[in-house]
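Undergrad: File entry.cif below, mmCIF, C-alpha atoms (C1' of nucleotides):
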```cif
data_model
loop_
_atom_site.group_PDB
_atom_site.id
_atom_site.type_symbol
_atom_site.label_atom_id
_atom_site.label_comp_id
_atom_site.auth_asym_id
_atom_site.auth_seq_id
_atom_site.Cartn_x
_atom_site.Cartn_y
_atom_site.Cartn_z
ATOM 1 C CA MET W 10 7.051 -13.529 -22.113
ATOM 2 C CA THR W 11 7.584 -15.058 -18.715
ATOM 3 C CA ASN W 12 6.860 -18.717 -18.283
ATOM 4 C CA TYR W 13 4.662 -18.843 -15.237
ATOM 5 C CA ILE W 14 4.875 -22.607 -14.921
ATOM 6 C CA ASP W 15 8.644 -22.574 -14.552
ATOM 7 C CA LEU W 16 8.459 -19.567 -12.289
ATOM 8 C CA LEU W 17 6.263 -21.581 -9.937
ATOM 9 C CA LYS W 18 8.231 -24.815 -10.151
ATOM 10 C CA ASN W 19 11.488 -23.044 -9.529
ATOM 11 C CA SER W 20 9.945 -21.714 -6.346
ATOM 12 C CA ASN W 21 8.809 -25.170 -5.245
ATOM 13 C CA LEU W 22 5.162 -24.578 -5.955
ATOM 14 C CA LYS W 23 2.870 -26.813 -7.955
ATOM 15 C CA ALA W 24 1.859 -25.255 -11.237
ATOM 16 C CA THR W 25 -1.918 -25.148 -11.074
ATOM 17 C CA ILE W 26 -3.963 -23.303 -13.614
ATOM 18 C CA GLN W 27 -5.238 -21.007 -10.855
ATOM 19 C CA ARG W 28 -1.715 -19.980 -9.956
ATOM 20 C CA THR W 29 -0.591 -19.332 -13.501
ATOM 21 C CA SER W 30 -3.741 -17.284 -14.084
ATOM 22 C CA ILE W 31 -3.039 -15.175 -11.024
ATOM 23 C CA LEU W 32 0.527 -14.597 -12.131
ATOM 24 C CA GLN W 33 -0.636 -13.659 -15.585
ATOM 25 C CA ALA W 34 -3.066 -11.116 -14.154
ATOM 26 C CA ILE W 35 -0.326 -9.586 -12.032
ATOM 27 C CA ASP W 36 2.182 -9.572 -14.861
ATOM 28 C CA GLN W 37 -0.171 -7.965 -17.336
ATOM 29 C CA ALA W 38 -1.286 -5.272 -14.949
ATOM 30 C CA GLY W 39 2.124 -4.592 -13.499
ATOM 31 C CA HIS W 40 0.633 -3.555 -10.157
ATOM 32 C CA ILE W 41 -2.743 -4.892 -9.099
ATOM 33 C CA ASN W 42 -4.772 -5.491 -5.953
ATOM 34 C CA ILE W 43 -6.677 -8.593 -4.850
ATOM 35 C CA ASP W 44 -10.081 -7.540 -6.187
ATOM 36 C CA GLU W 45 -8.636 -6.593 -9.525
ATOM 37 C CA ILE W 46 -6.892 -9.944 -9.747
ATOM 38 C CA TYR W 47 -10.214 -11.613 -8.982
ATOM 39 C CA ASP W 48 -12.054 -9.665 -11.674
ATOM 40 C CA HIS W 49 -9.375 -10.412 -14.212
ATOM 41 C CA VAL W 50 -9.022 -14.090 -13.442
ATOM 42 C CA LYS W 51 -12.749 -14.778 -13.187
ATOM 43 C CA GLU W 52 -13.077 -14.175 -16.897
ATOM 44 C CA LEU W 53 -10.677 -16.988 -17.685
ATOM 45 C CA TYR W 54 -11.747 -19.319 -14.846
ATOM 46 C CA PRO W 55 -15.134 -18.357 -13.489
ATOM 47 C CA THR W 56 -14.978 -20.951 -10.725
ATOM 48 C CA LEU W 57 -11.780 -19.615 -9.219
ATOM 49 C CA SER W 58 -12.602 -18.418 -5.726
ATOM 50 C CA LEU W 59 -11.404 -15.405 -3.788
ATOM 51 C CA ALA W 60 -10.194 -17.740 -1.044
ATOM 52 C CA THR W 61 -7.831 -19.360 -3.496
ATOM 53 C CA ILE W 62 -6.445 -15.989 -4.473
ATOM 54 C CA TYR W 63 -5.847 -15.028 -0.852
ATOM 55 C CA LYS W 64 -4.195 -18.346 -0.085
ATOM 56 C CA ASN W 65 -1.934 -18.124 -3.091
ATOM 57 C CA ILE W 66 -0.995 -14.486 -2.684
ATOM 58 C CA ILE W 67 0.284 -15.309 0.784
ATOM 59 C CA LEU W 68 2.064 -18.390 -0.450
ATOM 60 C CA MET W 69 3.684 -16.741 -3.433
ATOM 61 C CA GLN W 70 4.879 -13.894 -1.264
ATOM 62 C CA GLN W 71 6.477 -16.342 1.143
ATOM 63 C CA ASN W 72 8.149 -18.120 -1.736
ATOM 64 C CA GLY W 73 9.436 -14.914 -3.251
ATOM 65 C CA VAL W 74 7.433 -15.041 -6.468
ATOM 66 C CA ILE W 75 5.578 -11.787 -5.905
ATOM 67 C CA ILE W 76 5.879 -8.833 -3.582
ATOM 68 C CA GLU W 77 3.418 -6.608 -1.813
ATOM 69 C CA VAL W 78 3.269 -2.893 -2.533
ATOM 70 C CA PRO W 79 1.508 -1.225 0.421
ATOM 71 C CA MET W 80 -0.501 1.744 -0.787
ATOM 72 C CA ASN W 81 -1.447 4.852 1.120
ATOM 73 C CA GLY W 82 -5.052 4.472 2.202
ATOM 74 C CA GLU W 83 -5.901 1.908 -0.463
ATOM 75 C CA LYS W 84 -5.543 -1.843 -0.551
ATOM 76 C CA SER W 85 -2.080 -3.228 -1.170
ATOM 77 C CA LYS W 86 -1.090 -4.047 -4.705
ATOM 78 C CA TYR W 87 1.116 -6.893 -5.849
ATOM 79 C CA GLU W 88 3.782 -7.208 -8.496
ATOM 80 C CA LEU W 89 6.080 -9.936 -9.783
ATOM 81 C CA LYS W 90 9.318 -9.998 -7.870
ATOM 82 C CA LYS W 91 12.148 -8.192 -9.562
ATOM 83 C CA GLU W 92 15.041 -5.944 -8.610
ATOM 84 C CA ASP W 93 14.379 -3.276 -6.019
ATOM 85 C CA HIS W 94 12.924 -0.226 -7.702
ATOM 86 C CA ILE W 95 11.071 2.999 -7.078
ATOM 87 C CA HIS W 96 7.345 3.466 -7.637
ATOM 88 C CA LEU W 97 6.088 6.692 -9.136
ATOM 89 C CA ILE W 98 2.437 6.950 -8.245
ATOM 90 C CA CYS W 99 0.325 9.553 -9.992
ATOM 91 C CA GLN W 100 -2.171 11.103 -7.594
ATOM 92 C CA SER W 101 -4.342 12.184 -10.459
ATOM 93 C CA CYS W 102 -4.697 9.176 -12.737
ATOM 94 C CA GLY W 103 -3.451 6.482 -10.364
ATOM 95 C CA THR W 104 -0.950 4.903 -12.696
ATOM 96 C CA ILE W 105 2.221 3.451 -11.245
ATOM 97 C CA GLN W 106 5.520 3.606 -13.104
ATOM 98 C CA ASP W 107 8.702 1.866 -12.051
ATOM 99 C CA SER W 108 12.026 3.639 -11.923
ATOM 100 C CA LYS W 109 15.434 2.093 -11.406
ATOM 101 C CA ILE W 110 17.507 2.467 -8.291
ATOM 102 C CA THR W 111 20.669 3.734 -9.904
ATOM 103 C CA PRO W 112 24.071 3.358 -8.189
ATOM 104 C CA ASN W 113 23.878 7.060 -7.531
ATOM 105 C CA ARG W 114 20.580 6.694 -5.735
ATOM 106 C CA GLN W 115 21.760 3.686 -3.858
ATOM 107 C CA LYS W 116 24.748 5.642 -2.622
ATOM 108 C CA ALA W 117 22.608 8.574 -1.554
ATOM 109 C CA LEU W 118 20.380 6.301 0.474
ATOM 110 C CA LYS W 119 23.198 4.593 2.345
ATOM 111 C CA ILE W 120 22.898 5.092 6.051
ATOM 112 C CA GLU W 121 25.397 4.793 8.862
ATOM 113 C CA ASN W 122 24.672 2.182 11.447
ATOM 114 C CA PHE W 123 21.816 0.632 9.559
ATOM 115 C CA GLN W 124 22.170 -2.354 7.286
ATOM 116 C CA ILE W 125 19.583 -2.154 4.510
ATOM 117 C CA LYS W 126 18.014 -5.406 3.319
ATOM 118 C CA TYR W 127 15.469 -3.993 0.971
ATOM 119 C CA SER W 128 13.841 -0.707 0.225
ATOM 120 C CA GLN W 129 10.330 0.348 -0.420
ATOM 121 C CA ILE W 130 10.124 3.707 -2.104
ATOM 122 C CA ASN W 131 6.907 5.295 -3.281
ATOM 123 C CA LEU W 132 6.979 8.774 -4.737
ATOM 124 C CA TYR W 133 3.587 10.424 -5.047
ATOM 125 C CA GLY W 134 2.984 13.225 -7.493
ATOM 126 C CA LEU W 135 1.943 13.938 -11.053
ATOM 127 C CA CYS W 136 2.908 11.997 -14.140
ATOM 128 C CA LEU W 137 3.772 13.859 -17.305
ATOM 129 C CA SER W 138 0.392 13.692 -18.977
ATOM 130 C CA CYS W 139 -1.442 14.760 -15.823
ATOM 131 C CA GLN W 140 0.925 17.717 -15.424
ATOM 132 C CA GLN W 141 -0.116 18.897 -18.829
ATOM 133 C CA SER W 142 -3.831 18.796 -18.276
ATOM 134 C CA MET L 8 6.821 19.922 23.751
ATOM 135 C CA THR L 9 4.025 20.218 21.246
ATOM 136 C CA ASN L 10 0.809 21.931 22.181
ATOM 137 C CA TYR L 11 -1.834 19.576 20.890
ATOM 138 C CA ILE L 12 -4.683 22.011 21.464
ATOM 139 C CA ASP L 13 -3.189 24.606 19.142
ATOM 140 C CA LEU L 14 -2.217 21.958 16.683
ATOM 141 C CA LEU L 15 -5.865 20.953 16.413
ATOM 142 C CA LYS L 16 -7.281 24.456 16.350
ATOM 143 C CA ASN L 17 -4.859 25.540 13.670
ATOM 144 C CA SER L 18 -6.184 22.687 11.586
ATOM 145 C CA ASN L 19 -9.798 23.718 12.141
ATOM 146 C CA LEU L 20 -10.606 20.904 14.505
ATOM 147 C CA LYS L 21 -12.245 21.206 17.887
ATOM 148 C CA ALA L 22 -9.864 20.424 20.697
ATOM 149 C CA THR L 23 -11.537 17.579 22.544
ATOM 150 C CA ILE L 24 -9.773 15.667 25.246
ATOM 151 C CA GLN L 25 -10.040 12.524 23.127
ATOM 152 C CA ARG L 26 -8.196 14.161 20.285
ATOM 153 C CA THR L 27 -5.420 15.573 22.390
ATOM 154 C CA SER L 28 -4.984 12.179 24.044
ATOM 155 C CA ILE L 29 -4.682 10.495 20.684
ATOM 156 C CA LEU L 30 -2.119 13.021 19.537
ATOM 157 C CA GLN L 31 -0.169 12.576 22.742
ATOM 158 C CA ALA L 32 -0.100 8.814 22.258
ATOM 159 C CA ILE L 33 1.158 9.231 18.703
ATOM 160 C CA ASP L 34 3.723 11.832 19.647
ATOM 161 C CA GLN L 35 5.130 9.834 22.537
ATOM 162 C CA ALA L 36 5.397 6.643 20.541
ATOM 163 C CA GLY L 37 6.691 8.261 17.369
ATOM 164 C CA HIS L 38 5.071 5.587 15.211
ATOM 165 C CA ILE L 39 2.049 3.689 16.467
ATOM 166 C CA ASN L 40 -0.882 1.707 15.150
ATOM 167 C CA ILE L 41 -4.583 1.953 16.024
ATOM 168 C CA ASP L 42 -4.613 -0.767 18.660
ATOM 169 C CA GLU L 43 -1.569 0.623 20.370
ATOM 170 C CA ILE L 44 -3.170 4.058 20.438
ATOM 171 C CA TYR L 45 -6.244 2.485 21.979
ATOM 172 C CA ASP L 46 -4.253 0.705 24.684
ATOM 173 C CA HIS L 47 -2.334 3.844 25.493
ATOM 174 C CA VAL L 48 -5.289 6.191 25.579
ATOM 175 C CA LYS L 49 -7.579 3.857 27.521
ATOM 176 C CA GLU L 50 -5.360 4.311 30.559
ATOM 177 C CA LEU L 51 -5.985 8.044 30.588
ATOM 178 C CA TYR L 52 -9.623 7.932 29.409
ATOM 179 C CA PRO L 53 -11.105 4.483 29.908
ATOM 180 C CA THR L 54 -14.364 5.447 28.209
ATOM 181 C CA LEU L 55 -12.739 6.461 24.952
ATOM 182 C CA SER L 56 -13.987 4.111 22.271
ATOM 183 C CA LEU L 57 -12.232 2.510 19.339
ATOM 184 C CA ALA L 58 -14.823 4.052 17.030
ATOM 185 C CA THR L 59 -13.732 7.501 18.151
ATOM 186 C CA ILE L 60 -10.140 6.666 17.379
ATOM 187 C CA TYR L 61 -11.002 5.453 13.905
ATOM 188 C CA LYS L 62 -13.110 8.522 13.192
ATOM 189 C CA ASN L 63 -10.423 10.876 14.368
ATOM 190 C CA ILE L 64 -7.541 9.165 12.667
ATOM 191 C CA ILE L 65 -9.334 9.622 9.366
ATOM 192 C CA LEU L 66 -10.197 13.203 10.176
ATOM 193 C CA MET L 67 -6.742 14.184 11.337
ATOM 194 C CA GLN L 68 -5.231 12.650 8.252
ATOM 195 C CA GLN L 69 -7.561 14.654 6.047
ATOM 196 C CA ASN L 70 -6.668 17.810 7.928
ATOM 197 C CA GLY L 71 -2.958 17.152 7.699
ATOM 198 C CA VAL L 72 -2.297 16.702 11.404
ATOM 199 C CA ILE L 73 -1.002 13.153 11.129
ATOM 200 C CA ILE L 74 0.148 10.857 8.374
ATOM 201 C CA GLU L 75 -0.196 7.166 7.715
ATOM 202 C CA VAL L 76 2.849 4.936 7.462
ATOM 203 C CA PRO L 77 1.780 1.797 5.568
ATOM 204 C CA MET L 78 3.681 -1.201 6.877
ATOM 205 C CA ASN L 79 4.564 -4.353 5.003
ATOM 206 C CA GLY L 80 2.100 -7.013 6.095
ATOM 207 C CA GLU L 81 1.234 -5.324 9.397
ATOM 208 C CA LYS L 82 -1.310 -2.684 10.257
ATOM 209 C CA SER L 83 -0.473 0.872 9.266
ATOM 210 C CA LYS L 84 1.166 3.111 11.817
ATOM 211 C CA TYR L 85 0.631 6.821 12.262
ATOM 212 C CA GLU L 86 2.919 9.709 13.082
ATOM 213 C CA LEU L 87 2.579 13.452 13.575
ATOM 214 C CA LYS L 88 3.000 15.306 10.334
ATOM 215 C CA LYS L 89 6.434 16.718 9.818
ATOM 216 C CA GLU L 90 8.918 17.163 7.008
ATOM 217 C CA ASP L 91 9.300 14.290 4.581
ATOM 218 C CA HIS L 92 11.755 11.763 5.952
ATOM 219 C CA ILE L 93 12.963 8.219 5.599
ATOM 220 C CA HIS L 94 11.935 5.353 7.870
ATOM 221 C CA LEU L 95 14.509 2.810 8.928
ATOM 222 C CA ILE L 96 12.615 -0.249 10.027
ATOM 223 C CA CYS L 97 14.477 -2.959 11.891
ATOM 224 C CA GLN L 98 13.264 -6.397 10.856
ATOM 225 C CA SER L 99 14.558 -7.896 14.042
ATOM 226 C CA CYS L 100 13.374 -5.631 16.856
ATOM 227 C CA GLY L 101 10.735 -3.675 14.981
ATOM 228 C CA THR L 102 11.902 -0.212 15.950
ATOM 229 C CA ILE L 103 11.493 2.614 13.485
ATOM 230 C CA GLN L 104 14.030 5.404 13.242
ATOM 231 C CA ASP L 105 13.633 8.539 11.171
ATOM 232 C CA SER L 106 16.348 9.804 8.882
ATOM 233 C CA LYS L 107 16.476 13.132 7.077
ATOM 234 C CA ILE L 108 16.075 13.567 3.364
ATOM 235 C CA THR L 109 19.265 15.498 2.720
ATOM 236 C CA PRO L 110 19.639 17.756 -0.346
ATOM 237 C CA ASN L 111 21.920 15.101 -1.736
ATOM 238 C CA ARG L 112 19.233 12.454 -1.394
ATOM 239 C CA GLN L 113 16.613 14.738 -2.767
ATOM 240 C CA LYS L 114 18.723 15.345 -5.828
ATOM 241 C CA ALA L 115 19.353 11.642 -6.341
ATOM 242 C CA LEU L 116 15.637 10.935 -6.238
ATOM 243 C CA LYS L 117 14.680 13.603 -8.771
ATOM 244 C CA ILE L 118 12.969 12.124 -11.765
ATOM 245 C CA GLU L 119 12.396 13.397 -15.258
ATOM 246 C CA ASN L 120 8.813 13.855 -16.293
ATOM 247 C CA PHE L 121 7.415 13.250 -12.860
ATOM 248 C CA GLN L 122 6.581 15.980 -10.392
ATOM 249 C CA ILE L 123 7.029 14.678 -6.856
ATOM 250 C CA LYS L 124 4.600 15.895 -4.222
ATOM 251 C CA TYR L 125 5.701 13.731 -1.364
ATOM 252 C CA SER L 126 7.745 10.667 -0.796
ATOM 253 C CA GLN L 127 7.280 7.578 1.265
ATOM 254 C CA ILE L 128 10.518 5.765 1.868
ATOM 255 C CA ASN L 129 10.834 2.720 4.079
ATOM 256 C CA LEU L 130 14.169 0.967 4.332
ATOM 257 C CA TYR L 131 14.014 -2.463 5.929
ATOM 258 C CA GLY L 132 17.046 -4.029 7.533
ATOM 259 C CA LEU L 133 18.952 -4.278 10.780
ATOM 260 C CA CYS L 134 19.559 -1.537 13.284
ATOM 261 C CA LEU L 135 22.939 -1.228 14.926
ATOM 262 C CA SER L 136 22.188 -3.124 18.094
ATOM 263 C CA CYS L 137 20.519 -5.990 16.234
ATOM 264 C CA GLN L 138 23.524 -6.243 13.889
ATOM 265 C CA GLN L 139 25.696 -6.832 16.901
ATOM 266 C CA SER L 140 23.670 -9.616 18.428
ATOM 267 C "C1'" DG X 3 -1.700 -43.375 -5.484
ATOM 268 C "C1'" DT X 4 -0.308 -39.683 -2.599
ATOM 269 C "C1'" DC X 5 -0.468 -35.324 -1.037
ATOM 270 C "C1'" DC X 6 -1.345 -30.852 -1.776
ATOM 271 C "C1'" DA X 7 -4.640 -27.326 -3.913
ATOM 272 C "C1'" DT X 8 -9.217 -25.843 -4.587
ATOM 273 C "C1'" DG X 9 -13.862 -24.036 -3.591
ATOM 274 C "C1'" DC X 10 -17.518 -23.515 -0.768
ATOM 275 C "C1'" DA X 11 -19.587 -21.792 3.384
ATOM 276 C "C1'" DA X 12 -18.957 -20.488 7.852
ATOM 277 C "C1'" DA X 13 -16.125 -17.896 11.134
ATOM 278 C "C1'" DC X 14 -13.529 -14.176 12.367
ATOM 279 C "C1'" DG X 15 -11.645 -9.589 12.993
ATOM 280 C "C1'" DA X 16 -11.121 -4.983 11.676
ATOM 281 C "C1'" DT X 17 -13.453 -0.941 10.393
ATOM 282 C "C1'" DT X 18 -17.659 1.803 9.623
ATOM 283 C "C1'" DT X 19 -22.199 3.442 10.556
ATOM 284 C "C1'" DG X 20 -26.520 5.342 12.909
ATOM 285 C "C1'" DC X 21 -28.275 7.493 16.500
ATOM 286 C "C1'" DA X 22 -29.071 9.364 21.099
ATOM 287 C "C1'" DT X 23 -26.396 12.076 24.356
ATOM 288 C "C1'" DG X 24 -22.530 15.175 25.766
ATOM 289 C "C1'" DC X 25 -19.264 18.875 25.170
ATOM 290 C "C1'" DG X 26 -16.469 22.676 22.949
ATOM 291 C "C1'" DT X 27 -17.135 26.957 21.181
ATOM 292 C "C1'" DA P 21 -27.643 27.637 22.556
ATOM 293 C "C1'" DC P 22 -25.749 25.405 18.443
ATOM 294 C "C1'" DG P 23 -23.537 22.103 16.064
ATOM 295 C "C1'" DC P 24 -20.192 18.977 16.030
ATOM 296 C "C1'" DA P 25 -17.959 14.987 18.715
ATOM 297 C "C1'" DT P 26 -18.565 10.920 21.362
ATOM 298 C "C1'" DG P 27 -19.743 6.108 22.592
ATOM 299 C "C1'" DC P 28 -22.413 2.311 22.149
ATOM 300 C "C1'" DA P 29 -24.216 -1.490 19.442
ATOM 301 C "C1'" DA P 30 -25.236 -3.164 15.108
ATOM 302 C "C1'" DA P 31 -23.866 -3.610 10.414
ATOM 303 C "C1'" DT P 32 -20.521 -4.285 7.043
ATOM 304 C "C1'" DC P 33 -16.420 -5.597 4.663
ATOM 305 C "C1'" DG P 34 -12.147 -7.943 4.005
ATOM 306 C "C1'" DT P 35 -9.711 -11.944 5.084
ATOM 307 C "C1'" DT P 36 -9.090 -16.564 7.065
ATOM 308 C "C1'" DT P 37 -10.369 -21.229 8.169
ATOM 309 C "C1'" DG P 38 -12.182 -26.172 7.943
ATOM 310 C "C1'" DC P 39 -13.352 -29.673 5.316
ATOM 311 C "C1'" DA P 40 -14.806 -32.564 1.455
ATOM 312 C "C1'" DT P 41 -13.475 -33.093 -3.380
ATOM 313 C "C1'" DG P 42 -10.314 -32.671 -7.371
ATOM 314 C "C1'" DG P 43 -5.870 -32.382 -9.658
ATOM 315 C "C1'" DA P 44 -0.594 -32.224 -10.104
ATOM 316 C "C1'" DC P 45 3.117 -34.967 -9.765
#
```
What would the structure in this file look like if it were written as structure tokens?

TA:
Amino acid sequence: MTNYIDLLKNSNLKATIQRTSILQAIDQAGHINIDEIYDHVKELYPTLSLATIYKNIILMQQNGVIIEVPMNGEKSKYELKKEDHIHLICQSCGTIQDSKITPNRQKALKIENFQIKYSQINLYGLCLSCQQS
Amino acid sequence: MTNYIDLLKNSNLKATIQRTSILQAIDQAGHINIDEIYDHVKELYPTLSLATIYKNIILMQQNGVIIEVPMNGEKSKYELKKEDHIHLICQSCGTIQDSKITPNRQKALKIENFQIKYSQINLYGLCLSCQQS
DNA sequence: GTCCATGCAAACGATTTGCATGCGT
DNA sequence: ACGCATGCAAATCGTTTGCATGGAC
């Protein structure tokens, strides 16, 4: 699985144990908010402080290691940076799935007179298992 | 232009002058955050308090009169509820344009095994006039 | 050894709450 | 007249900051 140390060094950040722990928490969860990162990381490093998480989340965003996923009403979640993709958010169970932006989709989203740098697409609804229950 | 009193009554909310002022501020701006609403509304009703805005924003969201537009990094903006649409957000000048979800787009976004209730699509980039400068 | 990162506690700012009064119905 | 809405001030919560110490390079 991903080597968090290299990920940090390649982004010009020192590889501290706090940072690799935060990345691990994000990677394992897929999409996770600050408090959840704190809960997760505290088990491995009980002395890690919330302030450190806040400082590093900002830093890692600036350095392109992670990205913010603003959530309707709730606190933003974070994910490791990867290709642009769509989020499918289940309103019933809360799980978030990723879905690719296919060439077809990309074409459909093209817009005259506006040059797209990146897209942020959240589709809210019901996942398969929640549809069935 | 929209009749804010009816809009409120149809949503089972009392039509107070504070509420119509808030709706007017949102409608005129198109997309606006809490502080901007406050600045705008204070000119018409200097006694209107921030607490009232917060309370009503939550209420009007619950009653489907307005919707939240979560913004990357910044404070959420709000807009009057209307058909699902795409937001084109200029990273240079900050303006937000709306763009329709055409049948073609809708089709491209369809997803197997996920039932979409509503979509939240923000495309970040450069608007025409900022591309030119 | 140097410089940056961490962790604590204090500061700050945004949002929420409780309650007495006012207003829409 | 009734019950909800408002506005103030206080309380609360999330986030940021300053600074002394520790750790990565």

Undergrad: Let me know the residues the PyMOL selection byres ((chain W) within 7 of (chain L)) catches in the file above, as JSON, numbers by chain.

TA: {"W": [79, 80, 81, 113, 114, 117, 118, 122, 123, 124, 125, 126, 127, 128, 129, 130, 131, 132, 133, 134, 135, 136, 137]}

Undergrad: Once the PyMOL selection byres ((chain W) within 12 of (chain X)) has been applied to the shown file, what residues remain in the selection, as a list in words?

TA: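 Given this file, the PyMOL selection byres ((chain W) within 12 of (chain X)) evaluates to Leu22, Lys23, Ala24, Thr25, Ile26, Gln27, Arg28, Pro55, Thr56, Leu57, Ser58, Leu59, Ala60, Thr61, Ile62, Tyr63, Lys64, Asn65 and Leu68 of chain W.
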
Undergrad: Name the closest residue to chain P among the candidates W:Ile75, W:Ile66, W:Leu53, W:Ala38; distances are taken between atoms, counting only C-alpha atoms (C1' of nucleotides).

TA: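 The answer is W:Ile66, which sits nearest to chain P.
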
Undergrad: Report, in Å to a single decimal, how far apart CA of Ile31 (chain W) and CA of Gln71 (chain W) are.

TA: 15.5 Å

Undergrad: Quick one: pull the distance between CA of Asn21 (chain W) and CA of Ala34 (chain W), Å, one decimal.

TA: 20.4 Å

Undergrad: Please identify every residue of chain P that has at least one atom no farther than 10 Å from an atom of chain L, counting all atoms listed in the file, and for each give the shortest atom pair and the distance in Å to one decimal, arranged by chain then increasing number, as a Markdown table.

TA:
```
| residue | atom | partner | partner_atom | distance |
| --- | --- | --- | --- | --- |
| P:DC24 | C1' | L:Lys21 | CA | 8.5 |
| P:DA25 | C1' | L:Thr23 | CA | 7.9 |
| P:DT26 | C1' | L:Thr59 | CA | 6.7 |
| P:DG27 | C1' | L:Ser56 | CA | 6.1 |
| P:DC28 | C1' | L:Ser56 | CA | 8.6 |
```

Undergrad: If you apply the PyMOL selection byres ((chain W and resi 17) around 10) to this file, what residues do you get, as a list in words?

TA: Asn12, Tyr13, Ile14, Asp15, Leu16, Lys18, Asn19, Ser20, Asn21, Leu22, Lys23, Ala24, Thr25, Arg28, Thr29, Leu32, Met69, Asn72, Gly73 and Val74 of chain W

Undergrad: Tell me, in Å to one decimal, how far CA of Lys90 (chain W) is from CA of Ser30 (chain W).

TA: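 CA of Ser30 (chain W) lies at a distance of 16.2 Å from CA of Lys90 (chain W).
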
Undergrad: Padding of 8 Å on every side, edges along x, y and z, all listed atoms of region 30-38 of chain L included: what centre and edge lengths in Å, to one decimal, does that box have, as AutoDock Vina command-line options?

TA:
```
--center_x 2.3 --center_y 9.3 --center_z 19.0 --size_x 24.8 --size_y 23.4 --size_z 23.5
```
